[in-house]
file upload-v8.cif (mmCIF, C-alpha atoms and all ligand atoms)
data_work
#
loop_
_atom_site.label_atom_id
_atom_site.label_comp_id
_atom_site.auth_asym_id
_atom_site.auth_seq_id
_atom_site.Cartn_x
_atom_site.Cartn_y
_atom_site.Cartn_z
CA MET A 1 122.51 163.84 50.50
CA SER A 2 120.27 161.17 49.01
CA ARG A 3 116.57 161.96 48.96
CA ARG A 4 114.39 159.87 51.22
CA ASN A 5 111.86 157.72 49.45
CA VAL A 6 108.25 158.50 50.42
CA ALA A 7 107.43 154.85 49.68
CA ARG A 8 108.86 154.15 53.15
CA PHE A 9 106.84 156.94 54.77
CA TRP A 10 106.47 155.02 58.07
CA GLU A 11 110.21 155.47 58.67
CA TRP A 12 110.05 159.26 58.36
CA GLY A 13 108.66 160.02 61.82
CA ARG A 14 105.90 162.21 60.39
CA LYS A 15 102.41 162.66 61.80
CA ILE A 16 99.40 160.41 61.36
CA ILE A 17 96.15 162.39 61.14
CA CYS A 18 93.00 160.33 61.66
CA VAL A 19 89.45 161.13 60.67
CA GLY A 20 86.65 159.64 62.76
CA ARG A 21 82.97 159.02 61.99
CA ASN A 22 83.43 159.42 58.24
CA TYR A 23 80.95 156.65 57.35
CA ALA A 24 77.33 157.06 58.49
CA GLU A 25 76.79 153.36 59.25
CA HIS A 26 79.85 153.22 61.50
CA ALA A 27 78.84 156.41 63.34
CA ARG A 28 75.43 154.80 63.92
CA GLU A 29 76.79 151.44 65.10
CA LEU A 30 78.66 153.26 67.89
CA LYS A 31 75.61 155.47 68.56
CA ASN A 32 77.42 158.66 67.55
CA GLU A 33 75.78 161.58 65.80
CA LEU A 34 76.69 162.20 62.18
CA PRO A 35 79.43 164.83 62.05
CA THR A 36 78.83 168.16 60.36
CA GLU A 37 82.61 168.69 60.21
CA PRO A 38 85.40 166.06 60.19
CA VAL A 39 86.36 164.64 63.61
CA LEU A 40 90.17 164.67 63.84
CA PHE A 41 92.70 163.03 66.15
CA LEU A 42 96.39 162.11 65.89
CA LYS A 43 98.59 159.08 66.30
CA PRO A 44 102.36 159.40 66.82
CA PRO A 45 104.75 157.78 64.30
CA THR A 46 105.65 155.24 67.01
CA ALA A 47 102.18 153.73 66.38
CA TYR A 48 103.34 152.20 63.08
CA VAL A 49 103.68 148.45 62.79
CA LYS A 50 104.46 146.48 59.62
CA GLU A 51 103.59 142.93 58.57
CA GLY A 52 105.80 140.43 60.40
CA SER A 53 105.44 142.17 63.76
CA PRO A 54 102.40 141.68 66.00
CA ILE A 55 99.66 144.14 66.92
CA LEU A 56 99.77 144.37 70.72
CA VAL A 57 96.71 144.75 72.94
CA PRO A 58 97.69 147.53 75.38
CA HIS A 59 98.12 146.24 78.94
CA TYR A 60 95.35 148.59 80.14
CA SER A 61 92.67 147.43 77.67
CA SER A 62 90.44 144.37 77.43
CA ASN A 63 88.51 145.40 74.31
CA LEU A 64 90.78 146.14 71.34
CA HIS A 65 88.84 146.86 68.13
CA HIS A 66 89.87 146.66 64.48
CA GLU A 67 89.03 149.51 62.09
CA VAL A 68 90.11 149.06 58.47
CA GLU A 69 90.77 152.35 56.66
CA LEU A 70 92.17 153.85 53.48
CA GLY A 71 95.35 155.81 54.22
CA VAL A 72 96.46 158.75 52.09
CA VAL A 73 100.22 159.44 51.91
CA VAL A 74 101.10 163.11 51.50
CA GLY A 75 103.72 163.77 48.80
CA LYS A 76 103.84 167.56 48.78
CA ALA A 77 103.72 169.89 51.77
CA GLY A 78 101.09 172.59 52.03
CA ARG A 79 98.91 174.88 54.13
CA GLN A 80 95.40 176.12 53.33
CA ILE A 81 95.21 173.82 50.32
CA PRO A 82 92.13 174.42 48.11
CA GLN A 83 90.04 171.32 47.34
CA THR A 84 90.62 171.83 43.62
CA SER A 85 94.39 171.21 43.92
CA ALA A 86 94.26 168.80 46.90
CA MET A 87 95.02 165.67 44.88
CA GLU A 88 98.35 167.20 43.75
CA HIS A 89 99.50 166.72 47.36
CA VAL A 90 98.86 162.95 47.31
CA ALA A 91 101.86 160.66 46.64
CA GLY A 92 99.89 157.46 47.08
CA TYR A 93 97.94 155.34 49.51
CA ALA A 94 98.29 152.63 52.15
CA LEU A 95 95.93 150.13 53.67
CA CYS A 96 95.74 150.93 57.39
CA LEU A 97 94.18 149.72 60.60
CA ASP A 98 93.13 152.24 63.23
CA MET A 99 93.43 149.93 66.23
CA THR A 100 91.26 151.28 69.03
CA ALA A 101 91.05 150.36 72.73
CA ARG A 102 87.26 150.71 72.69
CA ASP A 103 86.80 150.29 76.46
CA VAL A 104 89.30 153.09 77.10
CA GLN A 105 87.74 155.27 74.39
CA ASP A 106 84.30 154.83 76.00
CA GLN A 107 85.75 155.98 79.33
CA CYS A 108 87.42 158.99 77.65
CA LYS A 109 84.14 159.93 75.93
CA ALA A 110 82.19 159.64 79.21
CA LYS A 111 84.69 161.91 80.97
CA GLY A 112 85.04 164.32 78.04
CA LEU A 113 88.76 163.50 77.79
CA PRO A 114 90.97 163.15 74.68
CA TRP A 115 91.31 159.73 73.01
CA THR A 116 95.11 159.46 73.22
CA LEU A 117 95.21 156.31 75.39
CA ALA A 118 92.59 154.64 73.18
CA LYS A 119 94.13 155.47 69.82
CA ALA A 120 97.83 156.37 70.03
CA PHE A 121 99.50 153.40 71.77
CA ASP A 122 102.41 151.45 70.22
CA THR A 123 101.24 149.25 67.28
CA SER A 124 97.92 151.12 66.98
CA CYS A 125 98.63 151.85 63.29
CA PRO A 126 99.37 148.71 61.23
CA VAL A 127 100.14 149.73 57.62
CA SER A 128 100.63 147.98 54.29
CA ASP A 129 103.33 148.74 51.80
CA PHE A 130 103.02 152.02 49.90
CA ILE A 131 100.52 152.00 47.03
CA PRO A 132 101.52 154.44 44.25
CA LYS A 133 98.82 156.95 43.33
CA GLU A 134 98.36 155.51 39.82
CA ARG A 135 97.14 152.19 41.26
CA ILE A 136 94.09 153.89 42.80
CA PRO A 137 92.75 156.26 40.13
CA ASP A 138 89.78 157.26 42.32
CA PRO A 139 90.06 157.14 46.15
CA ALA A 140 86.23 157.19 46.32
CA GLY A 141 86.05 153.93 44.40
CA VAL A 142 87.86 151.33 46.51
CA GLU A 143 86.47 148.39 48.43
CA LEU A 144 87.98 147.77 51.89
CA TRP A 145 87.67 144.45 53.72
CA LEU A 146 88.86 142.89 56.96
CA LYS A 147 88.70 139.32 58.27
CA VAL A 148 89.44 137.97 61.73
CA ASN A 149 90.46 134.28 61.73
CA SER A 150 89.15 134.03 58.14
CA VAL A 151 85.68 135.40 59.02
CA THR A 152 84.69 138.62 57.25
CA ARG A 153 84.00 141.43 59.72
CA GLN A 154 84.20 144.58 57.61
CA ARG A 155 83.49 145.27 53.94
CA GLY A 156 82.74 148.71 52.65
CA SER A 157 83.31 151.09 49.79
CA THR A 158 85.05 154.43 50.15
CA ALA A 159 82.19 155.74 47.99
CA HIS A 160 80.28 156.02 51.29
CA MET A 161 82.68 158.45 52.97
CA ILE A 162 80.87 161.52 54.30
CA PHE A 163 83.88 163.78 53.60
CA SER A 164 85.90 163.07 50.43
CA VAL A 165 89.69 162.79 50.27
CA PRO A 166 90.11 166.25 48.59
CA PHE A 167 87.79 167.81 51.17
CA LEU A 168 89.75 166.21 54.04
CA ILE A 169 93.12 167.37 52.68
CA SER A 170 91.81 170.90 52.34
CA TYR A 171 90.13 170.87 55.78
CA ILE A 172 93.14 169.40 57.64
CA SER A 173 95.59 171.77 55.93
CA ARG A 174 93.62 174.72 57.32
CA VAL A 175 94.29 173.38 60.84
CA MET A 176 97.87 172.10 60.56
CA ALA A 177 100.54 172.14 57.86
CA LEU A 178 100.68 168.96 55.84
CA GLU A 179 104.20 167.65 55.29
CA GLU A 180 105.69 165.12 52.91
CA GLY A 181 105.40 161.69 54.52
CA ASP A 182 102.33 162.48 56.62
CA LEU A 183 99.58 159.87 56.55
CA ILE A 184 95.84 160.59 56.69
CA LEU A 185 93.56 157.80 57.90
CA THR A 186 90.16 158.44 56.35
CA GLY A 187 87.82 156.62 58.77
CA THR A 188 86.35 153.16 58.98
CA PRO A 189 83.22 151.60 57.47
CA LYS A 190 80.83 149.61 59.67
CA GLY A 191 81.58 146.24 61.26
CA VAL A 192 84.21 147.15 63.87
CA GLY A 193 84.70 144.55 66.60
CA ALA A 194 87.02 142.99 69.13
CA VAL A 195 90.26 141.10 68.50
CA HIS A 196 92.08 138.92 71.01
CA GLU A 197 95.58 137.58 71.59
CA HIS A 198 96.51 134.93 68.95
CA ASP A 199 93.87 136.14 66.45
CA GLU A 200 94.89 136.56 62.83
CA LEU A 201 93.77 139.71 61.05
CA GLN A 202 93.70 139.94 57.28
CA ALA A 203 92.75 143.13 55.52
CA GLY A 204 92.71 144.29 51.94
CA ILE A 205 91.83 146.78 49.30
CA GLU A 206 90.00 144.67 46.72
CA GLY A 207 92.22 143.99 43.71
CA VAL A 208 95.10 146.15 45.02
CA ILE A 209 96.77 144.86 48.21
CA SER A 210 96.27 142.69 51.29
CA MET A 211 98.11 142.22 54.58
CA THR A 212 98.11 139.86 57.56
CA PHE A 213 98.84 140.55 61.25
CA ARG A 214 98.88 138.45 64.40
CA VAL A 215 97.61 139.84 67.69
CA GLY A 216 99.76 139.68 70.83
CA ARG A 217 99.47 141.30 74.21
CA GLN A 218 101.66 144.02 75.70
CA ALA A 219 103.23 142.94 78.97
CA ALA A 220 102.39 145.14 81.93
CA VAL A 221 105.57 146.33 83.60
CA HIS A 222 105.32 147.21 87.27
CA ASN A 223 108.15 149.45 88.45
O1 LIG A 301 86.76 155.47 67.04
C1 LIG A 301 85.92 155.83 66.19
O2 LIG A 301 84.83 155.29 66.07
C2 LIG A 301 86.24 156.95 65.27
C3 LIG A 301 87.08 156.47 64.18
O3 LIG A 301 88.27 156.31 64.32
C4 LIG A 301 86.48 156.10 62.88
O4 LIG A 301 85.29 156.34 62.67
O5 LIG A 301 87.22 155.58 62.05
MG MG A 302 89.15 155.09 62.79
#

call {"tool": "encode", "arguments": {"input": "upload-v8.cif", "output": "structure tokens"}}
result
Amino acid sequence: MSRRNVARFWEWGRKIICVGRNYAEHARELKNELPTEPVLFLKPPTAYVKEGSPILVPHYSSNLHHEVELGVVVGKAGRQIPQTSAMEHVAGYALCLDMTARDVQDQCKAKGLPWTLAKAFDTSCPVSDFIPKERIPDPAGVELWLKVNSVTRQRGSTAHMIFSVPFLISYISRVMALEEGDLILTGTPKGVGAVHEHDELQAGIEGVISMTFRVGRQAAVHN
């Protein structure tokens, strides 16, 4: 049997683990307290969308937000991974968007309910091509940016993460087993905002990769 190539991790059907509130300025802009431990949530692998296909506003939302994030692709499975060997579990990276139905998330927060409807819908995880580990020697030293219709909305350095990539790998692996092909979204810097049907989103990791997506709208089906 031929070995699957982790460079096409989005085809593997593995989990997407997301970290929230990992940049102080973003936590503040949404009036959230700074976390003392990572805030975790999941997206299903059906959330993936690649360049060439549109990001769809869910039919039940009227305030879809962009969040540009550094994604970490797991290359070696593990449980209870110590921080000191955490980077051995990284195969590479991907530029990711954590698309968020902010109106729905606000309702979930107010009711104390999980964020699934706000975060896990189809096309909620646009991803770039795989970036081999060697191209990003230090995951705390990359500059993320995002533009909507050519206007810069987000620009921030991963140097400002509250919890580092090795810390996150260790922390997550004490909650759930990490598997080859899993993706960890490490949180968004400040500047999140709304996107609308027909908008064009461009995002990048300075000097490494960029990607472009169009926004469409999911049709509501009434059975
Ligand atoms: O929805 C939020 O604000 C939490 C989150 O994903 C992030 O900080 O990246
Ligand atoms: Mg996020």

call {"tool": "residues_around", "arguments": {"input": "upload-v8.cif", "residues": "A:Asp199", "least_positions_apart": "2", "cutoff": "12 Å", "atoms": "all atoms listed in the file", "output": "list in words"}}
result
Pro54, Ile55, Leu56, Val57, Leu64, His65, His66, Lys147, Val148, Asn149, Ser150, Val151, Ala194, Val195, His196, Glu197, Leu201, Gln202, Thr212, Phe213, Arg214, Val215, Gly216 and Arg217 of chain A

call {"tool": "residues_near_ligand", "arguments": {"input": "upload-v8.cif", "ligand": "ligand MG 302 (chain A)", "cutoff": "6 Å", "atoms": "only C-alpha atoms and all ligand atoms", "output": "JSON, numbers by chain"}}
result
{"A": [20, 67, 98, 187, 188]}

call {"tool": "residues_near_point", "arguments": {"input": "upload-v8.cif", "point": "(90.1, 159.1, 70.1)", "cutoff": "12 Å", "atoms": "all atoms listed in the file", "output": "CSV table (one decimal) with C-alpha atoms, in the frame of the given file"}}
result
chain,number,residue,atom,x,y,z
A,17,ILE,CA,96.2,162.4,61.1
A,18,CYS,CA,93.0,160.3,61.7
A,19,VAL,CA,89.4,161.1,60.7
A,20,GLY,CA,86.6,159.6,62.8
A,21,ARG,CA,83.0,159.0,62.0
A,39,VAL,CA,86.4,164.6,63.6
A,40,LEU,CA,90.2,164.7,63.8
A,41,PHE,CA,92.7,163.0,66.2
A,42,LEU,CA,96.4,162.1,65.9
A,43,LYS,CA,98.6,159.1,66.3
A,98,ASP,CA,93.1,152.2,63.2
A,99,MET,CA,93.4,149.9,66.2
A,100,THR,CA,91.3,151.3,69.0
A,101,ALA,CA,91.0,150.4,72.7
A,102,ARG,CA,87.3,150.7,72.7
A,103,ASP,CA,86.8,150.3,76.5
A,104,VAL,CA,89.3,153.1,77.1
A,105,GLN,CA,87.7,155.3,74.4
A,106,ASP,CA,84.3,154.8,76.0
A,107,GLN,CA,85.8,156.0,79.3
A,108,CYS,CA,87.4,159.0,77.6
A,109,LYS,CA,84.1,159.9,75.9
A,112,GLY,CA,85.0,164.3,78.0
A,113,LEU,CA,88.8,163.5,77.8
A,114,PRO,CA,91.0,163.2,74.7
A,115,TRP,CA,91.3,159.7,73.0
A,116,THR,CA,95.1,159.5,73.2
A,117,LEU,CA,95.2,156.3,75.4
A,118,ALA,CA,92.6,154.6,73.2
A,119,LYS,CA,94.1,155.5,69.8
A,120,ALA,CA,97.8,156.4,70.0
A,121,PHE,CA,99.5,153.4,71.8
A,124,SER,CA,97.9,151.1,67.0
A,187,GLY,CA,87.8,156.6,58.8

call {"tool": "atom_distance", "arguments": {"input": "upload-v8.cif", "atom1": "atom CA of A:Ala159", "atom2": "atom CA of A:Thr186"}}
result
11.9 Å

call {"tool": "closest_residue", "arguments": {"input": "upload-v8.cif", "among": "A:Ala177, A:Gln83, A:Ile162, A:Pro58", "to": "ligand LIG 301 (chain A)", "atoms": "only C-alpha atoms and all ligand atoms"}}
result
A:Ile162

call {"tool": "atom_distance", "arguments": {"input": "upload-v8.cif", "atom1": "atom CA of A:Lys133", "atom2": "atom CA of A:Lys50"}}
result
20.2 Å

call {"tool": "residues_around", "arguments": {"input": "upload-v8.cif", "residues": "A:Ile172", "least_positions_apart": "6", "cutoff": "9 Å", "atoms": "only C-alpha atoms", "output": "PyMOL selection string"}}
result
chain A and resi 17+38+40+79-81+178

call {"tool": "write_last_selection", "arguments": {"input": "upload-v8.cif", "atoms": "C-alpha atoms", "output": "PDB file, in the coordinates of the input"}}
result
ATOM      1  CA  ILE A  17      96.150 162.390  61.140  1.00  0.00           C
ATOM      2  CA  PRO A  38      85.400 166.060  60.190  1.00  0.00           C
ATOM      3  CA  LEU A  40      90.170 164.670  63.840  1.00  0.00           C
ATOM      4  CA  ARG A  79      98.910 174.880  54.130  1.00  0.00           C
ATOM      5  CA  GLN A  80      95.400 176.120  53.330  1.00  0.00           C
ATOM      6  CA  ILE A  81      95.210 173.820  50.320  1.00  0.00           C
ATOM      7  CA  LEU A 178     100.680 168.960  55.840  1.00  0.00           C
TER       8      LEU A 178
END

call {"tool": "residues_around", "arguments": {"input": "upload-v8.cif", "residues": "A:Pro44", "least_positions_apart": "2", "cutoff": "8 Å", "atoms": "only C-alpha atoms", "output": "list in words"}}
result
Arg14, Lys15, Ile16, Leu42, Thr46, Ala47 and Ala120 of chain A

call {"tool": "atom_distance", "arguments": {"input": "upload-v8.cif", "atom1": "atom CA of A:Glu88", "atom2": "atom CA of A:Gly156"}}
result
25.8 Å

call {"tool": "closest_residue", "arguments": {"input": "upload-v8.cif", "among": "A:Leu168, A:Leu97, A:Met176, A:Ala77", "to": "ligand LIG 301 (chain A)", "atoms": "only C-alpha atoms and all ligand atoms"}}
result
A:Leu97

call {"tool": "residues_near_point", "arguments": {"input": "upload-v8.cif", "point": "(111.9, 158.9, 54.0)", "cutoff": "12 Å", "atoms": "only C-alpha atoms", "output": "count of residues only"}}
result
21

call {"tool": "closest_residue", "arguments": {"input": "upload-v8.cif", "among": "A:Pro189, A:Tyr60, A:Ala94, A:Arg174", "to": "A:Leu30", "atoms": "only C-alpha atoms"}}
result
A:Pro189

call {"tool": "closest_residue", "arguments": {"input": "upload-v8.cif", "among": "A:Gly141, A:Pro45, A:Gly71, A:Pro132", "to": "ligand LIG 301 (chain A)", "atoms": "only C-alpha atoms and all ligand atoms"}}
result
A:Gly71

call {"tool": "closest_residue", "arguments": {"input": "upload-v8.cif", "among": "A:Gly52, A:Pro82, A:Gly207, A:Pro35", "to": "ligand LIG 301 (chain A)", "atoms": "only C-alpha atoms and all ligand atoms"}}
result
A:Pro35

call {"tool": "closest_residue", "arguments": {"input": "upload-v8.cif", "among": "A:Ala91, A:Leu183, A:Val72, A:Val127", "to": "A:Pro139", "atoms": "all atoms listed in the file"}}
result
A:Val72
